[in-house]
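A.B. asks: For reference, the file target26.txt (compact mmCIF, C-alpha atoms) is included below:
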```txt
# COMPACT_ATOMS: atom_id res chain seq x y z
CA MET A 1 1.28 29.13 -27.43
CA LEU A 2 -0.29 28.45 -24.05
CA SER A 3 -2.14 31.38 -22.55
CA TYR A 4 -1.34 32.72 -19.09
CA LEU A 5 -4.59 31.19 -17.78
CA GLU A 6 -3.64 27.73 -19.08
CA LEU A 7 -0.17 27.98 -17.58
CA ASN A 8 -1.59 29.14 -14.27
CA LEU A 9 -4.11 26.29 -14.27
CA PHE A 10 -1.31 23.72 -14.32
CA SER A 11 0.28 25.32 -11.28
CA TYR A 12 -2.56 23.96 -9.11
CA ILE A 13 -1.75 20.70 -7.33
CA THR A 14 -5.34 19.47 -7.63
CA VAL A 15 -5.36 19.91 -11.42
CA ARG A 16 -2.09 18.03 -11.87
CA ALA A 17 -3.27 15.34 -9.44
CA GLY A 18 -6.39 14.86 -11.58
CA ILE A 19 -4.32 14.62 -14.75
CA ALA A 20 -1.94 12.14 -13.07
CA PHE A 21 -4.93 10.02 -12.01
CA PHE A 22 -6.30 9.69 -15.54
CA VAL A 23 -2.90 9.23 -17.19
CA ALA A 24 -2.05 6.39 -14.77
CA PHE A 25 -5.53 4.86 -15.14
CA VAL A 26 -5.32 4.84 -18.95
CA LEU A 27 -1.78 3.43 -18.92
CA SER A 28 -2.73 0.71 -16.43
CA ILE A 29 -5.93 -0.41 -18.14
CA TRP A 30 -4.19 -0.35 -21.54
CA LEU A 31 -0.99 -2.12 -20.53
CA MET A 32 -2.54 -4.75 -18.24
CA PRO A 33 -4.13 -7.00 -20.92
CA LYS A 34 -0.89 -6.87 -22.90
CA PHE A 35 1.00 -7.91 -19.77
CA ILE A 36 -1.51 -10.71 -19.07
CA ARG A 37 -1.06 -12.13 -22.59
CA TRP A 38 2.73 -11.93 -22.29
CA ALA A 39 2.68 -13.56 -18.83
CA ARG A 40 0.56 -16.44 -20.12
CA THR A 41 2.97 -17.14 -22.97
CA LYS A 42 5.85 -17.17 -20.47
CA ASN A 43 3.93 -19.24 -17.87
CA ALA A 44 4.49 -16.43 -15.37
CA ASN A 45 1.80 -17.86 -13.09
CA GLN A 46 1.26 -17.56 -9.36
CA PRO A 47 2.30 -20.79 -7.59
CA ILE A 48 -0.52 -21.72 -5.21
CA TYR A 49 0.45 -22.61 -1.66
CA GLU A 50 -0.23 -26.30 -1.15
CA LEU A 51 -2.01 -25.77 2.18
CA ALA A 52 -4.33 -23.06 0.83
CA PRO A 53 -8.07 -23.82 0.60
CA GLN A 54 -8.88 -26.18 -2.28
CA THR A 55 -10.81 -23.46 -4.12
CA HIS A 56 -7.48 -21.72 -4.73
CA GLN A 57 -6.02 -24.59 -6.74
CA GLN A 58 -8.04 -23.52 -9.79
CA LYS A 59 -6.11 -20.23 -9.78
CA ASP A 60 -2.74 -21.86 -10.48
CA LYS A 61 -2.74 -20.61 -14.10
CA THR A 62 -3.45 -16.99 -13.17
CA PRO A 63 -0.59 -14.63 -14.15
CA THR A 64 1.14 -12.74 -11.36
CA MET A 65 3.40 -9.67 -11.04
CA GLY A 66 0.62 -7.31 -12.17
CA GLY A 67 2.07 -4.91 -9.61
CA LEU A 68 4.84 -4.13 -12.06
CA VAL A 69 2.29 -2.60 -14.44
CA PHE A 70 0.41 -0.40 -11.99
CA VAL A 71 3.60 0.75 -10.27
CA LEU A 72 5.14 1.65 -13.65
CA SER A 73 1.95 3.47 -14.69
CA ALA A 74 1.89 5.46 -11.45
CA ILE A 75 5.56 6.40 -11.73
CA LEU A 76 5.26 7.54 -15.37
CA ALA A 77 2.21 9.66 -14.56
CA SER A 78 4.01 11.16 -11.56
CA LEU A 79 7.09 12.01 -13.61
CA LEU A 80 4.82 13.76 -16.09
CA CYS A 81 2.73 15.77 -13.60
CA ALA A 82 4.68 16.27 -10.35
CA LYS A 83 7.49 18.69 -9.52
CA LEU A 84 10.57 16.49 -9.45
CA THR A 85 12.48 19.02 -7.36
CA ASN A 86 10.17 18.25 -4.42
CA PRO A 87 11.90 15.87 -1.95
CA TYR A 88 8.61 14.30 -0.81
CA VAL A 89 7.74 13.40 -4.40
CA LEU A 90 11.19 11.91 -4.97
CA VAL A 91 11.04 9.80 -1.80
CA GLY A 92 7.52 8.64 -2.69
CA ILE A 93 8.56 7.53 -6.19
CA LEU A 94 11.74 5.95 -4.82
CA SER A 95 9.75 3.95 -2.26
CA LEU A 96 7.56 2.51 -5.03
CA MET A 97 10.64 1.51 -7.02
CA LEU A 98 12.59 -0.04 -4.14
CA PHE A 99 9.77 -2.07 -2.59
CA CYS A 100 8.59 -3.16 -6.03
CA GLY A 101 12.14 -4.34 -6.70
CA ILE A 102 12.10 -6.60 -3.63
CA GLY A 103 8.71 -7.97 -4.66
CA PHE A 104 9.91 -8.62 -8.21
CA LEU A 105 12.87 -10.65 -6.97
CA ASP A 106 10.53 -12.75 -4.82
CA ASP A 107 7.91 -13.20 -7.56
CA TYR A 108 10.45 -14.05 -10.24
CA SER A 109 12.12 -16.66 -8.02
CA LYS A 110 8.75 -18.32 -7.35
CA ILE A 111 7.85 -18.36 -11.04
CA VAL A 112 11.17 -19.88 -12.07
CA GLY A 113 11.06 -22.41 -9.23
CA LYS A 114 7.35 -23.15 -9.80
CA THR A 115 6.71 -23.15 -6.04
CA ASN A 116 6.13 -20.62 -3.24
CA HIS A 117 9.14 -22.03 -1.43
CA ALA A 118 11.46 -20.94 -4.26
CA GLY A 119 11.09 -17.22 -3.53
CA LEU A 120 13.40 -15.08 -1.43
CA THR A 121 14.04 -16.59 1.97
CA PRO A 122 12.29 -14.74 4.83
CA LYS A 123 15.71 -13.67 6.08
CA ALA A 124 16.83 -12.29 2.71
CA LYS A 125 13.53 -10.45 2.21
CA MET A 126 13.73 -8.94 5.69
CA ILE A 127 17.33 -7.81 5.18
CA LEU A 128 16.34 -6.00 1.97
CA LEU A 129 13.28 -4.46 3.65
CA VAL A 130 15.40 -3.20 6.55
CA ILE A 131 18.09 -1.73 4.27
CA PHE A 132 15.63 0.07 1.97
CA SER A 133 13.42 1.22 4.86
CA LEU A 134 16.44 2.63 6.71
CA PHE A 135 17.54 4.42 3.55
CA LEU A 136 14.11 5.96 2.89
CA SER A 137 13.69 6.93 6.55
CA SER A 138 17.10 8.61 6.53
CA CYS A 139 16.15 10.51 3.35
CA LEU A 140 12.96 11.74 5.02
CA TYR A 141 14.78 12.88 8.15
CA PHE A 142 17.82 14.55 6.57
CA CYS A 143 16.40 15.80 3.25
CA THR A 144 12.98 17.13 4.31
CA ASP A 145 11.47 19.32 7.03
CA LEU A 146 9.54 16.52 8.75
CA GLY A 147 11.54 16.57 11.96
CA GLY A 148 11.13 14.01 14.73
CA ASP A 149 7.79 15.07 16.24
CA ILE A 150 5.39 12.19 16.83
CA TYR A 151 1.64 12.74 16.96
CA LEU A 152 -1.28 10.66 18.22
CA PRO A 153 -4.68 10.49 16.49
CA PHE A 154 -7.30 13.00 17.70
CA TYR A 155 -4.63 15.07 19.50
CA LYS A 156 -3.29 18.26 17.95
CA ASN A 157 0.07 18.59 19.74
CA PRO A 158 3.14 16.36 19.38
CA VAL A 159 3.57 13.91 22.25
CA ILE A 160 7.32 13.42 21.85
CA ASN A 161 10.24 14.33 19.61
CA LEU A 162 12.30 11.25 18.78
CA SER A 163 15.02 13.24 17.00
CA TYR A 164 17.40 10.80 15.22
CA PHE A 165 15.56 7.82 16.72
CA SER A 166 12.62 8.66 14.45
CA ILE A 167 14.64 7.05 11.64
CA PHE A 168 14.44 3.67 13.39
CA PHE A 169 10.77 4.19 14.28
CA TRP A 170 9.95 5.01 10.65
CA THR A 171 11.92 1.96 9.53
CA LEU A 172 9.69 -0.20 11.72
CA VAL A 173 6.59 1.50 10.28
CA LEU A 174 7.71 0.80 6.70
CA ILE A 175 8.57 -2.84 7.36
CA SER A 176 5.26 -3.39 9.16
CA SER A 177 3.11 -1.68 6.53
CA SER A 178 4.75 -3.43 3.58
CA ASN A 179 4.42 -6.87 5.19
CA SER A 180 0.82 -6.28 6.29
CA VAL A 181 -0.40 -5.52 2.76
CA ASN A 182 1.63 -8.49 1.51
CA LEU A 183 -0.18 -10.81 3.96
CA THR A 184 -3.60 -9.43 2.97
CA ASP A 185 -3.10 -10.08 -0.73
CA GLY A 186 -4.64 -13.56 -0.71
CA LEU A 187 -8.03 -13.12 -2.42
CA ASP A 188 -9.05 -11.43 -5.66
CA GLY A 189 -9.00 -7.67 -5.12
CA LEU A 190 -8.81 -8.02 -1.34
CA ALA A 191 -5.72 -5.82 -0.94
CA THR A 192 -6.48 -3.51 -3.87
CA VAL A 193 -9.57 -1.64 -2.67
CA PRO A 194 -8.46 -1.14 0.98
CA SER A 195 -5.21 0.25 -0.46
CA ILE A 196 -7.21 2.73 -2.56
CA PHE A 197 -9.17 3.80 0.55
CA ALA A 198 -5.93 4.22 2.51
CA LEU A 199 -4.32 6.28 -0.26
CA ILE A 200 -7.36 8.57 -0.47
CA SER A 201 -7.34 9.16 3.30
CA LEU A 202 -3.61 9.74 3.51
CA GLY A 203 -3.74 11.92 0.38
CA ILE A 204 -6.24 14.19 2.13
CA PHE A 205 -4.00 14.39 5.21
CA THR A 206 -0.91 15.25 3.17
CA TYR A 207 -2.74 17.88 1.14
CA VAL A 208 -4.08 19.53 4.31
CA SER A 209 -0.63 19.47 5.97
CA GLY A 210 0.92 21.10 2.92
CA HIS A 211 -1.75 23.84 2.79
CA ALA A 212 -1.03 26.91 4.93
CA VAL A 213 -4.70 27.76 5.60
CA PHE A 214 -6.16 24.27 6.00
CA SER A 215 -3.37 23.06 8.28
CA LEU A 216 -3.89 26.05 10.59
CA TYR A 217 -7.68 25.66 10.64
CA LEU A 218 -7.63 21.90 11.30
CA PHE A 219 -4.69 21.94 13.75
CA VAL A 220 -2.54 19.53 11.76
CA PRO A 221 1.24 19.86 11.42
CA LYS A 222 2.12 22.39 8.72
CA ILE A 223 4.70 20.86 6.38
CA PRO A 224 5.55 23.15 3.43
CA GLY A 225 5.70 21.39 0.09
CA LEU A 226 4.10 18.16 1.31
CA GLY A 227 0.92 18.68 -0.72
CA GLU A 228 2.82 17.94 -3.94
CA VAL A 229 3.05 14.24 -3.01
CA ILE A 230 -0.70 13.77 -3.52
CA ILE A 231 0.08 13.76 -7.24
CA VAL A 232 1.98 10.48 -6.76
CA SER A 233 -0.85 9.14 -4.59
CA SER A 234 -3.46 10.17 -7.14
CA ALA A 235 -1.48 8.49 -9.91
CA LEU A 236 -1.22 5.31 -7.85
CA ILE A 237 -4.98 5.35 -7.16
CA GLY A 238 -5.70 5.71 -10.88
CA ALA A 239 -3.31 2.88 -11.71
CA LEU A 240 -4.90 0.67 -9.04
CA ILE A 241 -8.41 1.27 -10.39
CA GLY A 242 -7.15 0.23 -13.82
CA PHE A 243 -5.59 -2.85 -12.25
CA LEU A 244 -8.80 -3.65 -10.35
CA TRP A 245 -10.61 -4.02 -13.68
CA TYR A 246 -8.60 -7.21 -14.18
CA ASN A 247 -7.98 -8.14 -10.53
CA CYS A 248 -11.60 -8.19 -9.31
CA TYR A 249 -13.23 -11.57 -8.71
CA PRO A 250 -12.54 -13.80 -10.58
CA ALA A 251 -9.07 -12.34 -11.08
CA GLN A 252 -7.33 -12.40 -14.45
CA VAL A 253 -4.07 -11.29 -12.84
CA PHE A 254 -2.56 -11.07 -9.36
CA MET A 255 -0.46 -8.15 -8.13
CA GLY A 256 2.15 -10.45 -6.57
CA ASP A 257 4.73 -9.26 -4.09
CA SER A 258 5.76 -6.69 -6.71
CA GLY A 259 2.50 -4.91 -6.04
CA SER A 260 1.72 -5.69 -2.40
CA LEU A 261 5.13 -4.73 -1.02
CA SER A 262 5.25 -1.50 -3.04
CA LEU A 263 1.71 -0.58 -1.95
CA GLY A 264 2.44 -1.29 1.71
CA GLY A 265 5.73 0.59 1.57
CA TYR A 266 4.15 3.64 -0.06
CA ILE A 267 1.23 3.66 2.40
CA GLY A 268 3.81 3.60 5.19
CA ILE A 269 5.70 6.50 3.58
CA MET A 270 2.48 8.51 3.33
CA GLY A 271 1.68 7.81 6.98
CA ILE A 272 5.13 9.04 8.01
CA MET A 273 5.04 12.14 5.80
CA SER A 274 1.62 13.19 7.11
CA LYS A 275 2.66 12.51 10.73
CA ASN A 276 0.03 9.78 11.00
CA GLU A 277 2.18 6.81 11.91
CA PHE A 278 -0.25 5.66 14.61
CA LEU A 279 -3.35 6.54 12.60
CA LEU A 280 -2.16 3.92 10.08
CA ILE A 281 -3.77 1.40 12.44
CA LEU A 282 -7.17 2.81 11.41
CA VAL A 283 -6.27 3.71 7.83
CA GLY A 284 -4.98 0.19 7.21
CA PHE A 285 -7.31 -1.55 9.65
CA VAL A 286 -7.90 -4.61 7.44
CA PHE A 287 -4.14 -4.99 6.95
CA VAL A 288 -3.59 -4.76 10.71
CA VAL A 289 -6.23 -7.41 11.46
CA GLU A 290 -4.76 -9.75 8.86
CA THR A 291 -1.28 -9.34 10.34
CA LEU A 292 -2.49 -9.82 13.91
CA SER A 293 -4.27 -13.03 12.91
CA VAL A 294 -0.99 -14.45 11.60
CA ILE A 295 0.91 -13.37 14.74
CA LEU A 296 -1.74 -14.85 17.05
CA GLN A 297 -1.94 -18.09 15.07
CA THR A 298 1.84 -18.54 14.99
CA THR A 299 2.23 -17.73 18.71
CA SER A 300 -0.59 -20.08 19.71
CA TYR A 301 0.77 -22.92 17.58
CA LYS A 302 4.26 -22.50 19.00
CA TYR A 303 3.48 -22.03 22.69
CA ARG A 304 0.16 -23.86 23.16
CA ASN A 305 1.01 -27.38 22.01
CA LYS A 306 0.23 -26.71 18.33
CA LYS A 307 -3.25 -25.38 19.16
CA ARG A 308 -4.68 -23.00 16.57
CA ILE A 309 -6.93 -20.00 17.17
CA PHE A 310 -8.14 -19.82 13.56
CA LEU A 311 -8.91 -22.58 11.10
CA MET A 312 -6.27 -20.96 8.89
CA ALA A 313 -4.35 -17.69 8.87
CA PRO A 314 -4.40 -14.98 7.58
CA ILE A 315 -7.94 -14.52 8.76
CA HIS A 316 -9.53 -14.33 5.28
CA HIS A 317 -8.62 -18.02 4.90
CA HIS A 318 -10.36 -18.73 8.22
CA PHE A 319 -13.64 -17.49 6.77
CA GLU A 320 -13.05 -19.48 3.59
CA MET A 321 -12.64 -22.63 5.69
CA LYS A 322 -15.91 -21.78 7.44
CA GLY A 323 -17.64 -21.90 4.07
CA TRP A 324 -17.97 -18.19 3.22
CA ALA A 325 -17.96 -17.44 -0.50
CA GLU A 326 -14.82 -15.66 -1.66
CA ASN A 327 -16.62 -12.62 -3.06
CA LYS A 328 -18.59 -12.26 0.20
CA ILE A 329 -15.36 -12.16 2.23
CA ILE A 330 -13.85 -9.62 -0.15
CA ILE A 331 -16.79 -7.22 -0.13
CA ARG A 332 -17.19 -7.42 3.66
CA PHE A 333 -13.51 -6.68 4.18
CA TRP A 334 -13.81 -3.74 1.74
CA THR A 335 -16.74 -2.44 3.79
CA ILE A 336 -14.74 -2.66 7.02
CA ALA A 337 -11.83 -0.84 5.36
CA LEU A 338 -14.13 1.96 4.17
CA LEU A 339 -15.67 2.43 7.63
CA ALA A 340 -12.26 2.47 9.32
CA ASN A 341 -11.00 5.14 6.90
CA LEU A 342 -14.05 7.29 7.50
CA VAL A 343 -13.30 7.16 11.22
CA ALA A 344 -9.68 8.06 10.50
CA LEU A 345 -10.81 11.10 8.48
CA ILE A 346 -12.99 12.25 11.37
CA SER A 347 -9.77 12.78 13.34
CA LEU A 348 -9.05 15.73 11.03
CA LYS A 349 -11.76 17.73 12.78
CA LEU A 350 -11.78 16.15 16.24
CA ARG A 351 -8.46 17.38 17.54
```
Spit out the file's structure as structure tokens when you get a sec.
C.D. replies:
Amino acid sequence: MLSYLELNLFSYITVRAGIAFFVAFVLSIWLMPKFIRWARTKNANQPIYELAPQTHQQKDKTPTMGGLVFVLSAILASLLCAKLTNPYVLVGILSLMLFCGIGFLDDYSKIVGKTNHAGLTPKAKMILLVIFSLFLSSCLYFCTDLGGDIYLPFYKNPVINLSYFSIFFWTLVLISSSNSVNLTDGLDGLATVPSIFALISLGIFTYVSGHAVFSLYLFVPKIPGLGEVIIVSSALIGALIGFLWYNCYPAQVFMGDSGSLSLGGYIGIMGIMSKNEFLLILVGFVFVVETLSVILQTTSYKYRNKKRIFLMAPIHHHFEMKGWAENKIIIRFWTIALLANLVALISLKLR
């Protein structure tokens, strides 16, 4: 029989978050090689975009949809360690499932069609993203105590209350964050490590907001019960580290849209829950830069007589075309992501 001390120990969020981390890590690092072997037998490989740099053509036999494994590992660990009566936990798990579902449909279509053009059409993908984002945003507004207050980084008071319109604002945040991580996932491990940094930063913010003493001391919005969601974040971080073992350069498996959309969607959910919608620009700085490079390139090509700003977009391909080694681009982008997240964390004190 468990002693009172042992039972009391498991009541601490930090203890259960640590357990969730290791459970998800072990599941991910154990299941991933099995998934890779299965994917190879089924030819579940990532179709390489024909206009991508030539160095990418050698990756055409690399299995994809590794996101299914780390998302499943994170969810199982969360179900084991988190309080499932907590609405923030439920919305967090639901966001992983829904965005992963969209990514799976896109990945599976590409694998069956053996080309990137065989996936979901941009219109179909956007419709699904809008529907699921609206649903999750509505759940957050009507089923939690978040309210409609909007905050700016480095400022302790809300600047506006959007009331019901916050649902549409949050929908935009979720669509933007999911797509930005999706665009970044173009090199081995490029999206994985910045996602880990973002989850650590946002996990700290959510824990502080859910803590009565810390939230008061640091002048962050006090949101009762929010701290519980760091268990899901911790599980996802553990699962991602297990995935990185096989996704680091040269990658044995890609996360696919199954992973990138679910990561981006969950990062967006964490930003909304912690009232850091605008701070996501710093937390996900690499993702923002990648997205802006695509927007600028597309706009320039369309309105400036097919003139390009970059050799290729997203911007990581631009540096590849300039002759940078892939691992150099990856590590430099990781460094930028780390620095941006450290700046974001400074906003906890400078309010």
A.B. asks: Select, from A:Gln252, A:Ile295, A:Leu72, A:Val229, the residue with the minimum atom-to-atom distance to Leu84 of chain A, counting all atoms listed in the file.
C.D. replies: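 Looking only at the distances to Leu84 of chain A, the closest residue turns out to be A:Val229.
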A.B. asks: Any idea what's packed within 7 Å of segment 341-349 of chain A, counting all atoms listed in the file, ignoring anything in its chain fewer than 4 positions away? Could you give it as a ChimeraX atom specification?
C.D. replies: /A:153-154,197-198,201,218,279,282-283,337
A.B. asks: When you count all atoms listed in the file, which of these residues is closest to Phe205 of chain A: A:Leu174, A:Asn157, A:Phe142, A:Met273?
C.D. replies: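 Result for the nearest residue to Phe205 of chain A: A:Met273.
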A.B. asks: Between atom CA of Ile267 of chain A and atom CA of Cys100 of chain A, what is the distance in Å, rounded to a tenth?
C.D. replies: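 It comes out at 13.1 Å.
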A.B. asks: What is the distance between atom CA of Pro158 of chain A and atom CA of Val208 of chain A, in Å to one decimal?
C.D. replies: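 Computing it gives 17.0 Å between the two atoms.
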A.B. asks: Point out the residue among A:Ser163, A:Thr64, A:Ser274, A:Thr121 with the least atom-to-atom distance to Phe35 of chain A, counting all atoms listed in the file.
C.D. replies: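 Checking each candidate against Phe35 of chain A, we get A:Thr64 as the closest.
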A.B. asks: Would you mind telling me which residue in A:Gly271, A:Gly189, A:Gly284, A:Pro87 lies nearest to Gly203 of chain A when using only C-alpha atoms?
C.D. replies: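 Of A:Gly271, A:Gly189, A:Gly284, A:Pro87, the one nearest Gly203 of chain A, counting only C-alpha atoms, is A:Gly271.
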A.B. asks: Build an axis-aligned box that encloses every atom of segment 325-331 of chain A listed in the file, pad it by 4 Å on each side, and report its centre and edge lengths in Å to one decimal, as JSON.
C.D. replies:
```
{"center_x": -16.2, "center_y": -12.3, "center_z": -0.4, "size_x": 12.7, "size_y": 18.2, "size_z": 13.3}
```
A.B. asks: Which residue, A:Leu134, A:Val173, A:Leu129, A:Leu68, has the smallest gap to Ile281 of chain A when you use only C-alpha atoms?
C.D. replies: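 Closest to Ile281 of chain A of all the choices is A:Val173.
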A.B. asks: What gap, in Å, lies between atom CA of Phe21 of chain A and atom CA of Ile237 of chain A?
C.D. replies: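 Going from atom CA of Phe21 of chain A over to atom CA of Ile237 of chain A, I get 6.7 Å.
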A.B. asks: Skip segment 311-321 of chain A itself and residues of its chain fewer than 2 positions away, then list as a list of chain:residue names all residues within 6 Å of it, counting all atoms listed in the file.
C.D. replies: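 Using all atoms listed in the file, the neighbours found are A:Glu290, A:Ser293, A:Val294, A:Gly323, A:Trp324.
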A.B. asks: Would you pick out the contacts of segment 145-148 of chain A at 7 Å or less, using only C-alpha atoms, so that residues sharing its chain but fewer than 5 positions from it are not included, and give the list as a list in words?
C.D. replies: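 The filter keeps Leu140, Asn161, Leu162, Ser163, Ser166, Ile223 and Met273 of chain A.
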